[in-house]
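One file, entry_26.cif, carrying mmCIF, C-alpha atoms:
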data_run
#
loop_
_atom_site.label_atom_id
_atom_site.label_comp_id
_atom_site.auth_asym_id
_atom_site.auth_seq_id
_atom_site.Cartn_x
_atom_site.Cartn_y
_atom_site.Cartn_z
CA MET A 1 19.22 -13.05 20.22
CA ILE A 2 16.06 -12.12 18.31
CA LYS A 3 13.99 -15.10 17.17
CA PRO A 4 12.87 -14.88 13.50
CA VAL A 5 9.11 -14.70 12.98
CA LYS A 6 7.62 -17.70 11.19
CA THR A 7 5.51 -16.40 8.33
CA ALA A 8 3.20 -17.84 5.66
CA ILE A 9 1.33 -16.29 2.73
CA VAL A 10 -2.24 -16.79 1.55
CA GLY A 11 -2.65 -16.15 -2.17
CA SER A 12 0.02 -17.29 -4.61
CA GLY A 13 -0.79 -15.10 -7.60
CA SER A 14 1.44 -12.73 -9.56
CA ILE A 15 2.18 -10.29 -6.71
CA SER A 16 3.43 -13.12 -4.49
CA ASP A 17 6.76 -13.27 -6.33
CA ALA A 18 7.66 -9.73 -5.30
CA TYR A 19 6.70 -10.45 -1.70
CA LEU A 20 8.40 -13.83 -1.46
CA ASN A 21 11.63 -12.61 -3.02
CA THR A 22 11.89 -9.75 -0.55
CA MET A 23 10.70 -11.61 2.52
CA ILE A 24 12.97 -14.60 1.95
CA ASN A 25 16.11 -12.91 0.61
CA LYS A 26 16.18 -9.45 2.19
CA PHE A 27 15.14 -9.85 5.83
CA LYS A 28 16.44 -12.26 8.45
CA ILE A 29 13.63 -11.34 10.83
CA LEU A 30 11.21 -13.33 8.63
CA ASP A 31 11.25 -17.11 8.38
CA VAL A 32 8.91 -17.81 5.48
CA VAL A 33 7.72 -21.39 5.84
CA GLY A 34 4.88 -21.84 3.38
CA CYS A 35 2.21 -20.57 1.02
CA CYS A 36 -1.31 -21.50 0.03
CA ASP A 37 -3.85 -20.64 -2.63
CA ILE A 38 -7.44 -21.45 -3.51
CA HIS A 39 -5.86 -23.20 -6.50
CA PRO A 40 -3.45 -25.73 -4.92
CA GLU A 41 -1.35 -26.03 -8.08
CA LYS A 42 -0.40 -22.35 -7.79
CA ALA A 43 0.76 -22.83 -4.22
CA GLN A 44 2.71 -25.92 -5.24
CA ALA A 45 4.48 -24.01 -8.01
CA LYS A 46 5.47 -21.14 -5.70
CA ALA A 47 6.55 -23.53 -2.97
CA GLN A 48 8.83 -25.37 -5.37
CA LYS A 49 10.24 -22.13 -6.76
CA TYR A 50 11.12 -20.67 -3.34
CA GLY A 51 11.93 -23.82 -1.37
CA ILE A 52 9.00 -23.55 1.04
CA GLN A 53 5.97 -25.71 1.81
CA ALA A 54 2.67 -25.76 -0.04
CA LEU A 55 0.05 -25.48 2.68
CA SER A 56 -3.72 -25.43 2.93
CA MET A 57 -5.57 -22.69 4.78
CA GLU A 58 -6.40 -25.26 7.44
CA ASP A 59 -2.70 -26.06 7.83
CA ILE A 60 -1.88 -22.39 8.41
CA LEU A 61 -4.72 -21.82 10.85
CA ALA A 62 -3.77 -24.90 12.88
CA ASP A 63 0.02 -24.31 12.99
CA GLU A 64 0.71 -22.41 16.21
CA SER A 65 4.32 -21.76 15.19
CA ILE A 66 3.21 -19.50 12.32
CA GLU A 67 2.90 -16.03 13.84
CA ILE A 68 2.36 -13.73 10.83
CA VAL A 69 0.28 -14.49 7.76
CA VAL A 70 0.51 -12.27 4.67
CA ASN A 71 -2.77 -12.01 2.78
CA LEU A 72 -2.25 -11.58 -0.98
CA THR A 73 -5.75 -12.43 -2.14
CA THR A 74 -7.86 -10.05 -4.26
CA PRO A 75 -9.72 -7.27 -2.38
CA PRO A 76 -13.19 -8.92 -2.28
CA ALA A 77 -11.67 -11.85 -0.36
CA HIS A 78 -9.78 -9.74 2.19
CA TYR A 79 -12.49 -9.53 4.82
CA SER A 80 -13.22 -13.24 5.11
CA VAL A 81 -9.56 -14.31 4.90
CA ILE A 82 -8.30 -11.75 7.43
CA LYS A 83 -11.15 -12.50 9.83
CA GLN A 84 -10.36 -16.22 9.79
CA LEU A 85 -6.70 -15.53 10.47
CA LEU A 86 -7.32 -13.06 13.28
CA GLU A 87 -9.82 -15.36 14.96
CA ALA A 88 -7.17 -18.10 14.83
CA GLY A 89 -4.77 -15.82 16.70
CA LYS A 90 -2.56 -14.87 13.75
CA HIS A 91 -1.00 -11.46 13.18
CA VAL A 92 -1.93 -10.37 9.65
CA TYR A 93 -0.32 -8.18 7.02
CA THR A 94 -2.53 -7.70 3.96
CA GLU A 95 -2.20 -6.34 0.46
CA LYS A 96 -4.18 -3.16 -0.14
CA VAL A 97 -6.86 -2.17 0.47
CA LEU A 98 -7.62 -3.36 3.99
CA THR A 99 -11.12 -4.42 2.87
CA VAL A 100 -13.55 -3.25 0.21
CA GLU A 101 -16.23 -2.08 2.67
CA LEU A 102 -15.45 0.34 5.50
CA GLU A 103 -17.76 -1.42 8.00
CA GLN A 104 -15.90 -4.68 7.44
CA ALA A 105 -12.56 -2.97 8.06
CA ALA A 106 -13.90 -1.54 11.33
CA GLU A 107 -14.90 -5.02 12.44
CA LEU A 108 -11.41 -6.38 11.70
CA LEU A 109 -9.80 -3.56 13.69
CA LYS A 110 -12.04 -4.40 16.63
CA ILE A 111 -11.11 -8.11 16.49
CA ALA A 112 -7.39 -7.27 16.27
CA ASP A 113 -7.67 -4.92 19.26
CA GLU A 114 -9.64 -7.42 21.34
CA LYS A 115 -7.14 -10.19 20.62
CA LYS A 116 -4.11 -7.85 20.89
CA LEU A 117 -2.95 -8.82 17.41
CA TYR A 118 -1.00 -6.85 14.83
CA LEU A 119 -2.90 -6.00 11.65
CA GLY A 120 -0.92 -4.21 8.97
CA ALA A 121 -1.71 -3.26 5.40
CA ALA A 122 -0.08 -2.22 2.17
CA PRO A 123 0.95 -0.09 0.52
CA ASP A 124 4.33 -0.17 2.24
CA THR A 125 6.01 1.91 -0.47
CA PHE A 126 5.80 4.88 1.93
CA LEU A 127 8.56 3.14 3.91
CA GLY A 128 10.86 3.34 0.88
CA SER A 129 13.63 5.84 0.27
CA ALA A 130 11.66 8.30 -1.87
CA ILE A 131 8.71 9.00 0.42
CA GLN A 132 10.86 8.84 3.55
CA THR A 133 13.23 11.36 1.95
CA ALA A 134 10.31 13.64 1.07
CA ARG A 135 9.12 13.39 4.67
CA TYR A 136 12.62 14.26 5.87
CA VAL A 137 12.63 17.38 3.67
CA VAL A 138 9.24 18.47 5.00
CA GLU A 139 9.98 17.78 8.66
CA SER A 140 13.37 19.50 8.46
CA GLY A 141 11.56 22.76 7.72
CA MET A 142 13.47 23.18 4.47
CA VAL A 143 10.36 24.17 2.49
CA GLY A 144 8.52 25.85 5.34
CA ASP A 145 4.95 24.97 6.28
CA ILE A 146 3.11 22.78 3.75
CA THR A 147 0.06 24.70 2.59
CA SER A 148 -1.17 22.57 -0.31
CA CYS A 149 -0.47 19.51 -2.41
CA TYR A 150 -1.71 17.70 -5.47
CA CYS A 151 -1.34 14.34 -7.14
CA ALA A 152 -2.55 13.03 -10.49
CA MET A 153 -2.10 9.77 -12.37
CA THR A 154 -3.62 8.05 -15.39
CA ARG A 155 -4.10 4.50 -16.63
CA ASP A 156 -6.03 2.73 -19.38
CA SER A 157 -8.67 0.52 -17.76
CA GLU A 158 -9.23 -1.46 -20.96
CA LEU A 159 -5.68 -2.76 -20.77
CA PHE A 160 -5.77 -3.52 -17.06
CA SER A 161 -9.25 -5.07 -16.92
CA ARG A 162 -8.23 -7.67 -19.50
CA ALA A 163 -4.80 -8.39 -18.01
CA TYR A 164 -6.00 -8.25 -14.38
CA PRO A 165 -9.76 -8.93 -14.24
CA PHE A 166 -10.02 -7.93 -10.57
CA THR A 167 -9.40 -4.29 -11.61
CA ALA A 168 -12.89 -4.27 -13.16
CA ARG A 169 -14.51 -5.43 -9.93
CA PRO A 170 -15.27 -3.71 -6.60
CA GLY A 171 -12.05 -2.84 -4.81
CA GLY A 172 -10.02 -2.94 -8.01
CA GLY A 173 -10.83 0.51 -9.37
CA ILE A 174 -8.36 3.32 -10.04
CA GLY A 175 -8.96 4.90 -6.64
CA PHE A 176 -9.05 1.88 -4.36
CA ASP A 177 -6.35 -0.12 -6.19
CA VAL A 178 -3.93 2.65 -7.22
CA GLY A 179 -5.02 5.91 -5.62
CA ILE A 180 -4.43 4.28 -2.23
CA TYR A 181 -0.65 4.62 -2.85
CA TYR A 182 -1.01 8.38 -3.22
CA ILE A 183 -3.37 8.78 -0.29
CA THR A 184 -1.07 6.72 1.96
CA ALA A 185 2.00 8.71 0.89
CA LEU A 186 0.24 11.99 1.74
CA LEU A 187 -1.00 10.65 5.08
CA SER A 188 2.48 9.45 6.05
CA ILE A 189 3.88 12.97 5.56
CA LEU A 190 0.99 15.30 6.40
CA GLY A 191 -0.98 13.22 8.89
CA PRO A 192 -4.74 12.64 9.13
CA VAL A 193 -7.42 14.18 6.91
CA ARG A 194 -10.24 16.20 8.49
CA GLU A 195 -12.71 16.49 5.61
CA VAL A 196 -13.05 15.39 1.97
CA SER A 197 -15.14 16.10 -1.09
CA GLY A 198 -15.13 14.06 -4.26
CA VAL A 199 -16.40 13.24 -7.73
CA VAL A 200 -16.39 9.53 -8.57
CA ARG A 201 -17.54 8.08 -11.88
CA THR A 202 -17.62 4.84 -13.88
CA ARG A 203 -17.23 5.99 -17.46
CA LYS A 204 -18.54 3.57 -20.13
CA PRO A 205 -19.18 0.65 -17.78
CA GLU A 206 -20.13 -1.66 -20.67
CA ARG A 207 -17.01 -2.74 -22.57
CA GLN A 208 -16.04 -5.23 -25.30
CA ASP A 209 -13.14 -7.64 -25.09
CA PHE A 210 -10.82 -7.67 -28.10
CA SER A 211 -8.49 -10.48 -27.04
CA LEU A 212 -8.36 -13.50 -29.36
CA GLU A 213 -9.83 -15.79 -26.71
CA HIS A 214 -12.85 -13.58 -25.97
CA PHE A 215 -13.13 -11.38 -29.06
CA GLY A 216 -16.40 -9.46 -29.17
CA GLU A 217 -17.59 -10.61 -25.74
CA SER A 218 -18.97 -7.91 -23.48
CA TYR A 219 -17.92 -7.30 -19.90
CA ARG A 220 -18.77 -4.71 -17.27
CA ILE A 221 -16.62 -2.31 -15.25
CA GLU A 222 -18.08 -2.67 -11.74
CA CYS A 223 -15.91 -0.09 -10.00
CA GLU A 224 -14.77 3.50 -10.33
CA ASN A 225 -12.49 4.47 -13.23
CA LEU A 226 -12.45 8.19 -12.48
CA MET A 227 -11.95 9.72 -9.04
CA ALA A 228 -11.19 13.32 -8.14
CA GLY A 229 -11.27 14.95 -4.75
CA THR A 230 -10.19 17.63 -2.34
CA LEU A 231 -8.63 16.72 0.99
CA GLN A 232 -8.50 19.06 3.97
CA PHE A 233 -5.78 17.85 6.35
CA GLN A 234 -5.85 18.37 10.09
CA CYS A 235 -2.49 20.15 9.79
CA GLY A 236 -4.16 22.86 7.67
CA ALA A 237 -2.90 21.82 4.25
CA VAL A 238 -5.35 21.35 1.37
CA GLY A 239 -4.80 18.82 -1.41
CA ASN A 240 -6.30 17.88 -4.76
CA VAL A 241 -6.19 14.33 -6.14
CA LEU A 242 -7.09 12.99 -9.58
CA PHE A 243 -7.07 9.33 -10.62
CA ASP A 244 -8.21 8.66 -14.21
CA ALA A 245 -8.31 5.19 -15.78
CA ASN A 246 -9.81 6.45 -19.04
CA SER A 247 -6.58 7.84 -20.42
CA ILE A 248 -3.13 6.49 -21.28
CA PHE A 249 -0.75 4.06 -19.60
CA THR A 250 3.00 4.52 -19.89
CA LEU A 251 5.99 2.52 -18.69
CA PRO A 252 7.34 3.87 -16.48
CA GLU A 253 4.21 5.61 -15.26
CA LYS A 254 4.40 9.40 -15.16
CA PRO A 255 2.32 10.63 -12.24
CA GLY A 256 2.52 14.09 -10.74
CA MET A 257 2.82 14.62 -6.98
CA VAL A 258 3.87 17.90 -5.39
CA LEU A 259 3.92 19.36 -1.89
CA TYR A 260 3.85 23.17 -1.80
CA GLY A 261 5.30 24.99 1.20
CA THR A 262 5.81 28.58 2.30
CA MET A 263 9.54 28.38 1.52
CA GLY A 264 9.64 25.91 -1.36
CA ALA A 265 8.12 22.90 -3.10
CA VAL A 266 8.83 19.16 -3.08
CA TYR A 267 8.34 17.18 -6.29
CA MET A 268 7.86 13.58 -5.24
CA ALA A 269 8.55 10.32 -7.05
CA ASP A 270 5.93 7.73 -8.05
CA PRO A 271 4.44 6.51 -4.74
CA ASN A 272 3.80 3.11 -6.35
CA GLN A 273 7.58 2.62 -6.21
CA PHE A 274 10.00 2.55 -3.30
CA GLY A 275 12.69 4.74 -4.84
CA GLY A 276 12.98 7.63 -7.28
CA ASP A 277 14.21 11.21 -7.31
CA VAL A 278 12.85 13.72 -4.84
CA LYS A 279 13.29 17.24 -6.24
CA VAL A 280 13.18 20.47 -4.26
CA ILE A 281 12.81 24.13 -5.29
CA LEU A 282 13.60 26.65 -2.57
CA LYS A 283 12.22 30.18 -2.53
CA GLY A 284 14.34 32.47 -4.68
CA ASN A 285 15.25 29.75 -7.19
CA ASN A 286 13.65 28.71 -10.47
CA GLU A 287 14.97 25.18 -10.99
CA PRO A 288 14.81 22.18 -8.66
CA PHE A 289 17.71 20.19 -7.28
CA VAL A 290 17.65 16.44 -6.63
CA MET A 291 17.72 15.80 -2.91
CA GLN A 292 20.16 13.15 -1.74
CA GLN A 293 18.32 10.07 -0.50
CA SER A 294 18.12 10.29 3.28
CA HIS A 295 16.79 6.76 3.72
CA ALA A 296 17.25 3.24 2.42
CA PHE A 297 15.02 0.82 0.49
CA SER A 298 15.14 2.32 -2.99
CA GLU A 299 14.62 -0.93 -4.93
CA GLU A 300 11.63 -3.29 -5.13
CA TYR A 301 10.88 -4.13 -1.49
CA ARG A 302 7.24 -5.28 -1.37
CA GLY A 303 7.10 -7.13 1.91
CA LEU A 304 9.06 -4.41 3.71
CA GLY A 305 5.91 -3.63 5.70
CA THR A 306 5.72 -7.26 6.79
CA ALA A 307 9.33 -7.24 7.98
CA GLU A 308 8.83 -3.94 9.81
CA MET A 309 5.75 -5.41 11.48
CA ALA A 310 7.76 -8.47 12.52
CA TRP A 311 10.37 -6.23 14.13
CA SER A 312 7.61 -4.22 15.82
CA LEU A 313 6.18 -7.48 17.18
CA ARG A 314 9.55 -8.50 18.59
CA MET A 315 10.33 -5.03 19.97
CA GLY A 316 6.85 -4.49 21.44
CA ARG A 317 6.01 -1.30 19.55
CA LYS A 318 3.39 -0.16 17.05
CA ASN A 319 4.11 -1.03 13.43
CA ARG A 320 4.38 1.76 10.88
CA ALA A 321 2.09 0.33 8.16
CA ASN A 322 -0.55 -0.09 10.83
CA LYS A 323 -4.28 -0.78 10.76
CA GLU A 324 -5.31 2.68 11.95
CA MET A 325 -3.60 4.49 9.07
CA ALA A 326 -4.86 1.85 6.61
CA TYR A 327 -8.41 2.33 7.91
CA HIS A 328 -8.13 6.11 7.68
CA ALA A 329 -6.88 5.87 4.07
CA LEU A 330 -9.85 3.62 3.27
CA GLU A 331 -12.23 6.10 4.91
CA VAL A 332 -10.76 8.90 2.77
CA LEU A 333 -11.55 6.91 -0.38
CA HIS A 334 -15.04 6.04 0.83
CA GLY A 335 -15.50 9.66 1.84
CA MET A 336 -14.91 10.77 -1.74
CA VAL A 337 -17.42 8.18 -2.96
CA LYS A 338 -20.05 9.31 -0.44
CA SER A 339 -19.38 12.96 -1.25
CA SER A 340 -19.93 12.24 -4.94
CA GLU A 341 -23.22 10.48 -4.15
CA THR A 342 -24.57 13.17 -1.83
CA GLY A 343 -23.01 16.34 -3.22
CA SER A 344 -21.69 17.31 0.21
CA ASN A 345 -18.39 17.21 2.07
CA ARG A 346 -17.67 14.26 4.35
CA VAL A 347 -16.05 14.73 7.76
CA MET A 348 -13.69 11.90 8.67
CA GLN A 349 -14.64 9.89 11.75
CA SER A 350 -11.26 8.18 12.17
CA THR A 351 -7.74 9.37 12.81
CA PHE A 352 -4.31 7.84 13.42
CA GLU A 353 -1.05 8.56 15.18
CA LYS A 354 1.90 9.48 12.97
CA ILE A 355 4.69 7.00 13.70
CA PRO A 356 8.31 8.25 13.63
CA PRO A 357 10.05 7.79 10.27
CA ILE A 358 12.45 4.96 9.59
CA PRO A 359 15.88 5.73 11.10
CA ARG A 360 18.52 7.10 8.76
CA GLY A 361 21.75 5.15 8.33
CA TYR A 362 23.57 2.62 6.23
CA SER A 363 20.60 0.32 5.66
CA GLY A 364 20.71 -1.48 2.34
CA GLN A 365 24.48 -1.35 2.06
CA THR A 366 26.12 -4.77 2.28
CA TYR A 367 29.82 -3.95 2.38
CA PHE A 368 30.34 -5.63 5.73
CA GLU A 369 27.17 -7.44 6.76
CA PHE A 370 23.48 -8.00 6.18
CA MET A 371 22.33 -4.41 6.65
CA GLU A 372 18.64 -4.18 5.82
CA GLU A 373 17.56 -4.84 9.39
CA PRO A 374 18.80 -1.68 11.21
CA GLY A 375 16.54 0.54 9.14
CA ILE A 376 13.40 -1.09 10.53
CA ALA A 377 14.58 -2.66 13.79
CA LEU A 378 14.88 0.61 15.70
#

Is it possible to express this structure as structure tokens?
Amino acid sequence: MIKPVKTAIVGSGSISDAYLNTMINKFKILDVVGCCDIHPEKAQAKAQKYGIQALSMEDILADESIEIVVNLTTPPAHYSVIKQLLEAGKHVYTEKVLTVELEQAAELLKIADEKKLYLGAAPDTFLGSAIQTARYVVESGMVGDITSCYCAMTRDSELFSRAYPFTARPGGGIGFDVGIYYITALLSILGPVREVSGVVRTRKPERQDFSLEHFGESYRIECENLMAGTLQFQCGAVGNVLFDANSIFTLPEKPGMVLYGTMGAVYMADPNQFGGDVKVILKGNNEPFVMQQSHAFSEEYRGLGTAEMAWSLRMGRKNRANKEMAYHALEVLHGMVKSSETGSNRVMQSTFEKIPPIPRGYSGQTYFEFMEEPGIAL
């Protein structure tokens, strides 16, 4: 019998609902026991809503039965929170990005390695049905060798900076907060990046607030709201990325993401979601077909990476949303920033091992039993 992994969360803000709902109701491998927040009333409200305990950080650090802690704080707090948890002997899964600064992320990786602890990071949407299906198409050879790719998405930073103030601060920009989904999706399919170039800007950093509560007050965008770059992958493929927060926001969002191969092209779904159509055009045809989903987890499954890490812990293997890939994705983003500052390409210093995809099967179907587990247990 496999013993469930006792888990707690740090940070009880808006994203915690998505995590708690998945972790409590979708996966038996996780035994979610409590939550905490810098504002105790937030933790109390979440604890009451989900039938768990409201804990302090000290409670979590001192409780030896809690094995995994999920960090849902804002990016500037990631380094200090994760370091505390690792030094207390906790395995950690964190919201993206791993940290704001690359040097801090390197330090956390070193601590995790020295203490033989798991450190995982979002986004875990690459474990969902859409990106796993796209990977299946590529690795099957259906579209030949991937030679190039591109992705582009837009948002309106004035909307987001008022609704979510952290998106105007370091670590919350269009590249580090949203582009990370696209970078991670590409890495999960194509593998590590060898070299990057980039253009990174903060357009109109001085803004005015037009909400009733703060009408006419000025505020400052302290992070990037425009990021473009070229990625040269170790596999030989070349990709272009464009993340622009000075444009329009739509619901649902309408990003573009395509992998071009020698025998066809793969039109991917929004990597900020777990599901969505994957469309394929094969050489000799002019219109795409919708590929059947080869994998499970097509709905909202934030926390899937935590559950997969828990299974990896119990099975003694490397987790898929692991620290090495998260660090490499962060270095890609920082590489584009440094390239923009210096006007020169940046060679990546890190790499990572591509982990096998999630097994195909009946995961997610509940005709006979609780079936989410097989897709991440093997």

| Between atom CA of A:Leu72 and atom CA of A:Glu101, what is the spacing in Å? | 17.3 Å

What would the selection look like, as a PDB file with C-alpha atoms, keeping the file's coordinate frame, if the PyMOL selection byres ((chain A and resi 337-340) around 10) were run on the coordinates I just shared?
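Dumped to part-v8.pdb:
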ATOM      1  CA  GLY A 175      -8.960   4.900  -6.640  1.00  0.00           C
ATOM      2  CA  VAL A 196     -13.050  15.390   1.970  1.00  0.00           C
ATOM      3  CA  SER A 197     -15.140  16.100  -1.090  1.00  0.00           C
ATOM      4  CA  GLY A 198     -15.130  14.060  -4.260  1.00  0.00           C
ATOM      5  CA  VAL A 199     -16.400  13.240  -7.730  1.00  0.00           C
ATOM      6  CA  VAL A 200     -16.390   9.530  -8.570  1.00  0.00           C
ATOM      7  CA  ARG A 201     -17.540   8.080 -11.880  1.00  0.00           C
ATOM      8  CA  GLU A 224     -14.770   3.500 -10.330  1.00  0.00           C
ATOM      9  CA  MET A 227     -11.950   9.720  -9.040  1.00  0.00           C
ATOM     10  CA  ALA A 228     -11.190  13.320  -8.140  1.00  0.00           C
ATOM     11  CA  GLY A 229     -11.270  14.950  -4.750  1.00  0.00           C
ATOM     12  CA  GLU A 331     -12.230   6.100   4.910  1.00  0.00           C
ATOM     13  CA  VAL A 332     -10.760   8.900   2.770  1.00  0.00           C
ATOM     14  CA  LEU A 333     -11.550   6.910  -0.380  1.00  0.00           C
ATOM     15  CA  HIS A 334     -15.040   6.040   0.830  1.00  0.00           C
ATOM     16  CA  GLY A 335     -15.500   9.660   1.840  1.00  0.00           C
ATOM     17  CA  MET A 336     -14.910  10.770  -1.740  1.00  0.00           C
ATOM     18  CA  GLU A 341     -23.220  10.480  -4.150  1.00  0.00           C
ATOM     19  CA  THR A 342     -24.570  13.170  -1.830  1.00  0.00           C
ATOM     20  CA  GLY A 343     -23.010  16.340  -3.220  1.00  0.00           C
ATOM     21  CA  SER A 344     -21.690  17.310   0.210  1.00  0.00           C
ATOM     22  CA  ASN A 345     -18.390  17.210   2.070  1.00  0.00           C
ATOM     23  CA  ARG A 346     -17.670  14.260   4.350  1.00  0.00           C
ATOM     24  CA  VAL A 347     -16.050  14.730   7.760  1.00  0.00           C
TER      25      VAL A 347
END

| said: Taking the file as I've supplied it (selection: the PyMOL selection byres ((chain A and resi 244) around 10)), which residues are included? Please answer as a ChimeraX atom specification. | reply: /A:152-157,173-175,179,200-201,203,224-228,242-243,245-248

Run the PyMOL selection byres ((chain A and resi 79) around 8) mentally over the shown coordinates, then write out the matched residues as an mmCIF file with C-alpha atoms, keeping the file's coordinate frame, using the chain letters and numbers from the document.
data_model
loop_
_atom_site.group_PDB
_atom_site.id
_atom_site.type_symbol
_atom_site.label_atom_id
_atom_site.label_comp_id
_atom_site.auth_asym_id
_atom_site.auth_seq_id
_atom_site.Cartn_x
_atom_site.Cartn_y
_atom_site.Cartn_z
ATOM 1 C CA PRO A 76 -13.190 -8.920 -2.280
ATOM 2 C CA ALA A 77 -11.670 -11.850 -0.360
ATOM 3 C CA HIS A 78 -9.780 -9.740 2.190
ATOM 4 C CA SER A 80 -13.220 -13.240 5.110
ATOM 5 C CA VAL A 81 -9.560 -14.310 4.900
ATOM 6 C CA ILE A 82 -8.300 -11.750 7.430
ATOM 7 C CA LYS A 83 -11.150 -12.500 9.830
ATOM 8 C CA LEU A 98 -7.620 -3.360 3.990
ATOM 9 C CA THR A 99 -11.120 -4.420 2.870
ATOM 10 C CA VAL A 100 -13.550 -3.250 0.210
ATOM 11 C CA GLN A 104 -15.900 -4.680 7.440
ATOM 12 C CA ALA A 105 -12.560 -2.970 8.060
ATOM 13 C CA LEU A 108 -11.410 -6.380 11.700
#

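Using all atoms listed in the file, the smallest distance between any of A:Met23, A:Leu159, A:Ala45, A:Val97 and A:Tyr301 comes from A:Met23.
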
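Candidate residues A:Thr7, A:Thr262, A:Thr73, A:Asn285 were compared for distance to A:Ile146, and the nearest is A:Thr262, using only C-alpha atoms.
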
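Look at A:Gly275: the protein and nucleic acid residues within 8 Å of it, using only C-alpha atoms and passing over chain neighbours fewer than 3 places away, are Gly128, Ser129, Ala130, Ile131, Ala269, Phe297, Ser298 and Glu299 of chain A.
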
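The smallest atom-to-atom distance between A:Met325 and any of A:Val10, A:Ile221, A:Val290, A:Ile189, using only C-alpha atoms, is found for A:Ile189.
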
| field | Long-range neighbours of A:Met1 as a list in words, 12 Å cut-off, only C-alpha atoms, 3 positions minimum in chain | value | Pro4, Ile29, Arg314 and Met315 of chain A

| message | So that I can see what lies close to A:Val193, please list as a ChimeraX atom specification the residues with an atom at most 7 Å from it, counting only C-alpha atoms and leaving out residues fewer than 5 positions away in the same chain. | response | /A:231-234,348

File of the preceding selection, C-alpha atoms, as a PDB file, in the frame of the given file:
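Written output follows (selection.pdb):
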ATOM      1  CA  LEU A 231      -8.630  16.720   0.990  1.00  0.00           C
ATOM      2  CA  GLN A 232      -8.500  19.060   3.970  1.00  0.00           C
ATOM      3  CA  PHE A 233      -5.780  17.850   6.350  1.00  0.00           C
ATOM      4  CA  GLN A 234      -5.850  18.370  10.090  1.00  0.00           C
ATOM      5  CA  MET A 348     -13.690  11.900   8.670  1.00  0.00           C
TER       6      MET A 348
END

| field | Expected answer as number ranges by chain: all residues with atoms within 8 Å of (7.1, 19.1, -4.1), only C-alpha atoms | value | A: 149, 257-260, 264-268, 278-281

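Among A:Asp277, A:Gln349, A:Asn272, A:Pro123, the residue with the shortest atom-to-atom distance to A:Gln293, counting only C-alpha atoms, is A:Asp277.
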
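Atom CA of A:Val70 lies 18.6 Å from atom CA of A:Lys3.
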
Find the nearest atom pair between each residue of stretch 104-202 of chain A and stretch 50-67 of chain A for residues within 12 Å, count only C-alpha atoms, give distances in Å to one decimal, sort rows by chain and ascending number, and present the table as CSV.
residue,atom,partner,partner_atom,distance
A:Leu117,CA,A:Glu67,CA,9.9
A:Tyr118,CA,A:Glu67,CA,10.0
A:Leu119,CA,A:Glu67,CA,11.8

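Excluding A:Thr22 and any residue on its chain fewer than 6 positions from it, the residues at most 12 Å away by all atoms listed in the file are Ile15, Ser16, Lys28, Ile29, Leu30, Asp31, Val32, Tyr50, Phe297, Glu299, Glu300, Tyr301, Arg302, Gly303, Leu304, Gly305, Thr306, Ala307 and Glu372 of chain A.
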
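Proximity to A:Leu109 was assessed for A:Tyr327, A:Phe249, A:Phe352, A:Phe215 counting all atoms listed in the file; the smallest distance is recorded for A:Tyr327.
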
| task | Name all residues at most 9 Å from A:Lys96 (count only C-alpha atoms; drop same-chain ones fewer than 6 positions away) and give them as a ChimeraX atom specification. | result | /A:72,74-75,78,121-123,176-177,180-181,326

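The two atoms in question, atom CA of A:Gly256 and atom CA of A:Tyr150, are spaced 7.7 Å apart.
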